[in-house]
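Note sheet for the following structure.
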Amino acid sequence: PVVAKHTSEPDMNSIPAAALHPDGNSWTGQSLDDKIVVYDTKGFKPNKRKVFTGHKNQGYSCGLSFSPDGQFLASGDAFGKLWFWNWKSCKNIRTI
């Protein structure tokens, strides 16, 4: 029998939408597991303490955008809603 090769880790997901933080030190990616993940721009390391959860993108690339001062992050979801997040706390502050 031929052993099947693993092509990826079970916790790896595509990131179809990304945005650079205005300070240039990190970027965010909308992961297809319904999370927004944060990476360092210098070492390309994930920031495991800064993850935004709660919205559902269910395989759609919905987009991300920062406020000019970098305090807020906006993201879309699969149901046509717009989510606003506090950058420091990673908490949803409003959904419309």
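Convention: chains lettered A, B, ... in structure tokens order; per-chain residue numbering from 1; ligands numbered from 1 as shown.
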How would you write, as a PyMOL selection string, the set of residues in range 4-96 of chain A that DSSP gives as strand (DSSP E)? chain A and resi 17-20+26-31+35-40+46-53+64-66+72-76+82-86+92-95
Asp23 in chain A: which residues within 12 Å, counting only C-alpha atoms, same-chain residues fewer than 2 positions away excluded, as a list in words?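 Residues near the query, excluding close chain neighbours: Ala19, Leu20, His21, Asn25, Ser26, Trp27, Asp40, Thr41, Phe66, Ser67, Pro68, Asp69, Gly70 and Gln71 of chain A.
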Find the spatial neighbours of range 31-35 of chain A, counting only C-alpha atoms, within a cut-off of 10 Å - ignore same-chain residues fewer than 2 positions away - and output them as a VMD selection string. chain A and resid 11 to 18 28 to 29 37 to 38 51 to 61 77 to 78
Residues from the last selection, C-alpha atoms, saved as a PDB file, in the first residue's frame:
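The resulting file, again-v5.pdb, is reproduced below:
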```
ATOM      1  CA  ASP A  11      -5.146  23.825  11.818  1.00  0.00           C
ATOM      2  CA  MET A  12      -3.905  25.539   8.648  1.00  0.00           C
ATOM      3  CA  ASN A  13      -6.465  27.548   6.693  1.00  0.00           C
ATOM      4  CA  SER A  14      -6.376  29.802   3.650  1.00  0.00           C
ATOM      5  CA  ILE A  15      -6.238  33.551   4.119  1.00  0.00           C
ATOM      6  CA  PRO A  16      -8.001  35.059   1.081  1.00  0.00           C
ATOM      7  CA  ALA A  17      -8.120  38.641   2.427  1.00  0.00           C
ATOM      8  CA  ALA A  18      -5.415  40.627   4.209  1.00  0.00           C
ATOM      9  CA  THR A  28      -4.162  40.777   9.528  1.00  0.00           C
ATOM     10  CA  GLY A  29      -5.629  37.959   7.512  1.00  0.00           C
ATOM     11  CA  VAL A  37      -5.372  36.284  12.553  1.00  0.00           C
ATOM     12  CA  VAL A  38      -2.463  38.676  13.074  1.00  0.00           C
ATOM     13  CA  VAL A  51      -7.060  36.689  17.299  1.00  0.00           C
ATOM     14  CA  PHE A  52     -10.457  38.101  16.368  1.00  0.00           C
ATOM     15  CA  THR A  53     -13.315  35.575  16.603  1.00  0.00           C
ATOM     16  CA  GLY A  54     -17.082  35.750  16.329  1.00  0.00           C
ATOM     17  CA  HIS A  55     -17.871  36.571  12.719  1.00  0.00           C
ATOM     18  CA  LYS A  56     -18.670  33.933  10.095  1.00  0.00           C
ATOM     19  CA  ASN A  57     -17.077  34.171   6.672  1.00  0.00           C
ATOM     20  CA  GLN A  58     -17.732  30.523   5.720  1.00  0.00           C
ATOM     21  CA  GLY A  59     -15.332  30.386   2.811  1.00  0.00           C
ATOM     22  CA  TYR A  60     -15.925  33.896   1.450  1.00  0.00           C
ATOM     23  CA  SER A  61     -13.238  36.507   1.022  1.00  0.00           C
ATOM     24  CA  ASP A  77     -18.962  38.347   6.932  1.00  0.00           C
ATOM     25  CA  ALA A  78     -20.831  35.779   4.841  1.00  0.00           C
TER      26      ALA A  78
END
```
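Counting only C-alpha atoms, the residue from A:Pro22, A:Ser89, A:Lys50, A:Ile96 that sits nearest to Ile36 in chain A is A:Lys50.
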Interatomic distance, CA of Gly24 in chain A to CA of Thr95 in chain A (Å, one decimal):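 So the answer is 26.2 Å.
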Between CA of Trp85 in chain A and CA of Gly43 in chain A, what is the spacing in Å?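 According to the coordinates, CA of Gly43 in chain A and CA of Trp85 in chain A are separated by 24.6 Å.
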In Å, how far is it from CA of Gly63 in chain A to CA of Gln30 in chain A?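 These two atoms are separated by 7.3 Å.
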